[in-house]
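Visitor: Would you mind keeping the following structure in view while I ask a few things?
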Amino acid sequence: MHQGLSGIEAKARLEEEGFNEFLAKKKRNFPAIAREVAIEPMFLLLVSSGLIYFVLGDMGEALALLFFVFVVMGITVYQENRTERALEALRDLTSPRANVIREGKASRIAGREVVRGDILLLSEGDRVAADAELLESNDFFADESLLTGESFPVVKFPGGTAAKVYAGTMVAQGSGIARVVATGSNAEMGRIGLALESAKTERTPLQKEISGLVRNLAMLSGILFILLVISYGLMHGNWLNGLLAGITMAMAILPEEFPVVLTVFLALGAWRIARNNVLTRRLPAVETLGSASILCVDKTGTLTENRMSVARLCAKGKSVDTGALDDLPEDFHEILEYSILASEVDPYDPMEKAFLDLGKRFLSRTEHLHADWKLVHEYSLSPQMLAMSHAWQSPDGNEYVVAAKGSPEAIFDLCHLEKKETETWTLEVAKMARDGLRVLGVARAKYRGTSWPALQHDFEFEFAGLAGLSDPVREGVASAVRECSDAGIRVVMMTGDSPLTAQAIAKQIGLGIETVHGPDIENMSDEELFEVAEHADIFARVVPLQKLRIVNALQRSGKIVAMTGDGVNDAPALKAAHIGVAMGKRGTDVAREAAALVLLDDDFSSIVHAVKSGRRIYANLSKALSFSLAVHVPIAGMSLLPVFLGWPLLFFPVHIAFLELIINPVCSLVFEAEPSEMNVMKIPPRTSDSPLLGRKVVTMSLIQGTVILIAVLLVYAHALKTGETYARAIAFSTLVFSDLALILVSRSRSESFLACLRRPNFLLWGVLGGAVFALLAVIYFMQSLFGFSMLAYGDMLSSLFVGILSAIWFEFYKMLDAQ
């Protein structure tokens with residue numbers, strides 16, 4: 001037994017040689033984020049305005065704008081830094097893991113913590129964490145294509161050059177134990193300088209949509225900027241003030257918060273989903289989650305607990321339920337022994353563990369089976385033969401015993417059973433499957449040859465019997481399936497089990513039982529598979545390579561398909577699905593790397609919660625951006641209309657900067673923290689091509705903004721009779737109160753404002769309170785800086801009333817729209 005390093009030795013080597021990383025990922029630190037923010041158009045416009053005021057000799061306005069530059073920059077940097085911390089936390093979670101032996105115990109650690117001298121436990125589907133030498137191996141093949149470009153797996157075994165396995169390569173088959181000889185930049189991959197972390201950040205459909213919207217609005221602001229400067233200069237003869245008016249208008253139109261809001265929502269959304277046991281490996285999956293319309297899930301371990309126990313054995317024409325037995329009858333000892341011999345020596349698979357546990361319970365010599373016999377050859381499961389065999393050498397070395405287990409149909413085939421005998425056992429399989437048991441066949445053979453046959457069929461197998469394993473349905477799965485049905489999401493089960501077993505589980509969880517048999521898929525054309533996939537609830541006896549065809553068939557209808565998988569051969573289907581979901585507990589590294597999401601607890605309910613979170617994120621992002629679009633309408637309108645109406649300017653850059661202090665945090669923080677609406681899982685999923693800001697949403701935002709614009713314009717026009725500074729103060733107050741009222745009515749597009757109050761959002765009330773406090777401070781303590789005159793309390797109440805009135809109509813629209 002390998003002891004491995006002690007904790008103290010591992011810690012010392014980690015400190016001495018550093019983390020096992022090829023290239024340290026550069027982090028965006030605070031100064032880097034600040035530099036990026038400083039070159040944003042909004043901040044450049046603010047600085048330009050400050051310089052103009054400085055040239056005009058107005059030091060108060062110049063210093064005020066400089067103050068707002070730092071405040072708005074501070075808020076933006078805080079948001080970016082928060083986003084970066086969330087992304088860093090996700091990167092830590094998604095870093096590869098390694099199974100090692102330390103102090104005689106197997107443990108799973110982060111790949112970057114592996115040190116020279118560690119003992120690695122390698123099995124099929126694992127990514128090798130560091131350069132190592134094999135100490136033991138069992139049919140070990142490594143995929144070194146990443147290192148050498150060679151597409152075929154390379155056989156490895158202890159001793160000589162064939163013992164070397166390299167960091168970054170993949171275990172394609174078998175298992176092994178290896179000692180680490182080099183880590184980090186000292187590894188082969190590090191020395192040749194492969195940039196494993198050079199992947200470019202993906203531009204998601206949402207990013208493209210928002211970039212296009214910002215680009216169009218920026219072009220519009222540029223055109224209007226030129227027109228306004230020329231118009232003001234010609235009408236008033238003051239070109240510097242015309243330049244200030246143009247800059248103010250450009251600031252009013254430019255939705256500079258849009259890209260920031262999107263980044264914050266996706267990053268924090270991924271962080272929130274991770275707290276519910278679903279790890280996001282690719283941010284685009286966050287925006288796709290809400291539109292998932294088909295969930296393809298494994299039965300074992302996802303719908304069920306993956307807590308297997310051998311419930312029934314059938315052999316020699318008899319059957320026995322093992323649950324209440326004190327002693328196993330002698331007739332069933334042979335099938336149990338061969339079930340154990342057909343399993344791994346140190347099993348990870350729950351079914352194989354179940355056989356070993358039953359053996360320890362009833363067979364006194366179980367612990368000696370693996371010690372007395374030597375495993376010398378293995379035949380793996382394949383799409384052509386759904387059975388696996390282990391060849392063992394007897395203690396005296398004179399003969400070999402071969403134990404096989406697999407699907408009953410495959411075992412019947414290996415044993416060349418007569419038709420009548422096959423029919424008899426098939427009836428028994430059906431009976432066990434109807435009881436919800438997963439049924440495996442077991443066979444035995446003897447061999448005296450000197451070279452191993454290429455196929456399992458070349459052995460003369462004898463049928464040993466059937467084993468039925470039970471795996472209880474996970475708690476909460478039935479309610480999650482109902483929730484999917486209410487949300488218009490179709491759940492499809494994919495399993496290697498028999499149709500009857502799958503149907504028994506489907507009935508327990510409320511799923512349909514229309515079933516497609518895996519072997520039948522082999523004979524179907526793509527068109528035929530598309531037709532049956534449209535209505536199927538279950539795909540039974542499927543092998544991993546068939547899952548890719550099934551996913552492609554489901555996608556042909558234009559639906560968004562999510563799929564779970566855990567094995568090496570699941571990777572193509574996981575990658576092809578719109579949302580690939582790998583199993584975190586039992587999944588291989590290959591599956592996790594191909595997937596967009598990793599299910600940390602392997603629980604179906606967690607996928608449903610993630611879909612619900614995805615819908616919440618998408619809905620809140622749409623609300624945030626539509627709110628931002630709406631509030632930019634009155635700001636832009638009141639920057640433009642007074643010039644053409646010959647009125648005094650309402651806004652100067654300092655006013656726009658103040659409004660940015662409200663708009664930016666509301667969009668990126670308040671709406672992001674907004675809880676899910678009550679009906680979020682009662683509506684059908686959106687289509688893949690539906691835009692975030694569709695025609696209806698944009699139209700409603702423009703109407704909301706126009707109503708506020710009219711209200712502010714009328715207040716300003718009426719108040720100008722009293723004086724310019726008074727009119728500016730009361731119109732500005734009305735606009736601020738209108739925006740705050742718009743926040744409250746925009747929390748939901750279907751629920752009333754009062755209903756939303758039942759969903760707590762402490763950030764919302766913090767921002768609202770802060771905005772009102774800032775407005776009062778400006779009105780009563782900084783009038784000269786903003787060009788205001790003192791307002792009476794009655795004036796403030798009047799502007800509050802008009803502000804509420806300009807937004808409250810949306811509540812009546814929601815009631816009419818719901819009818």
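Residues are named by chain letter and number: chains run A, B, ... in the order of the structure tokens, numbers start at 1 in each chain, and ligands are numbered from 1 in the order shown.
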What lies within 12 Å of Ser748 (chain A) using only C-alpha atoms, ignoring chain neighbours under 4 positions off, as JSON, numbers by chain?
Guide: {"A": [616, 619, 620, 621, 622, 623, 624, 626, 627, 671, 674, 675, 676, 677, 678, 679, 680, 742, 743, 744, 752, 753, 754, 755, 756, 757, 759, 810, 811, 814, 815]}
Visitor: Quick check for you: according to DSSP on this backbone, which residues of region 693-789 of chain A are classed as helix (DSSP H, G or I)? Reply as a ChimeraX atom specification.
Guide: /A:695-719,724-745,753-756,762-781,783-786
Visitor: If DSSP is run on the backbone, what residues of region 174-364 of chain A are strand (DSSP E or B)? A reply as a VMD selection string would be ideal.
Guide: chain A and resid 174 to 182 278 to 280 294 to 298 304 309 to 315 318 to 321
Visitor: Using only C-alpha atoms, which of A:Leu500, A:Ala577, A:Leu213, A:Ala582 sits nearest Leu554 (chain A)?
Guide: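 Of all the options, A:Ala577 lies closest to Leu554 (chain A).
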Visitor: Using only C-alpha atoms, which residues sit within 7 Å of Ile489 (chain A) once same-chain residues fewer than 5 positions away are excluded, as a ChimeraX atom specification?
Guide: /A:293-294,484
Visitor: Find, counting only C-alpha atoms, the residue in A:Met790, A:Leu645, A:Ala807, A:Leu121 that gets nearest to Ala178 (chain A).
Guide: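 Distance minimum relative to Ala178 (chain A) lands on A:Leu121.
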Visitor: Counting only C-alpha atoms, what is within 12 Å of Met524 (chain A), bar same-chain residues fewer than 5 positions away, as a count of residues only?
Guide: 13
Visitor: For Phe412 (chain A), which residue among A:Ala315, A:Val376, A:Ala464, A:Leu469 is the nearest when counting only C-alpha atoms?
Guide: A:Ala464
Visitor: Would you please work out which residue, of A:Pro685, A:Pro284, A:Gly436, A:Pro408, is nearest to Ala595 (chain A) when using only C-alpha atoms?
Guide: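 Using only C-alpha atoms, the shortest distance to Ala595 (chain A) belongs to A:Pro284.
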Visitor: Could you jot down the CA of Ser137 (chain A) to CA of Met388 (chain A) separation for me, Å, one decimal place?
Guide: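 Between CA of Ser137 (chain A) and CA of Met388 (chain A) the gap works out to 17.9 Å.
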Visitor: Within 9 Å of region 539-545 of chain A, counting only C-alpha atoms, which residues show up once you throw out same-chain ones fewer than 4 positions away? Write them as number ranges by chain, please.
Guide: A: 382-383, 386, 407, 492-502, 514-519, 521, 533, 549-550, 565, 567-573
Visitor: Report, in Å with one decimal, the straight-line distance from CA of Gly18 (chain A) to CA of Gly117 (chain A).
Guide: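 Atom-to-atom, CA of Gly18 (chain A) and CA of Gly117 (chain A) are spaced 13.8 Å apart.
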Visitor: Residues within 10 Å of region 310-314 of chain A, please, as number ranges by chain. Count only C-alpha atoms; anything in the same chain fewer than 6 positions from it doesn't count.
Guide: A: 320-324, 331-333, 335-336, 351-358, 425, 428-429, 432, 437-441, 464-471
Visitor: Just give me the gap between CA of Glu399 (chain A) and CA of Tyr338 (chain A) in Å, one decimal is fine.
Guide: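 That distance, rounded to one decimal, is 15.8 Å.
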Visitor: So that I can check the surroundings of Ser798 (chain A), please list as a PyMOL selection string every protein, DNA and RNA residue that reaches within 10 Å of it, counting only C-alpha atoms and ignoring chain neighbours fewer than 6 positions away.
Guide: chain A and resi 715+730+733-734+792+804
Visitor: Go through A:Ser799, A:Ala504, A:Ala245, A:Asp327 and flag the residue nearest Pro648 (chain A), using only C-alpha atoms for the distances.
Guide: A:Ala245
Visitor: Looking at only C-alpha atoms, which of A:Ala252, A:Ala130, A:Ile808, A:Leu427 is the one that sits closest to Asn186 (chain A)?
Guide: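 Checking each candidate against Asn186 (chain A), we get A:Ala130 as the closest.
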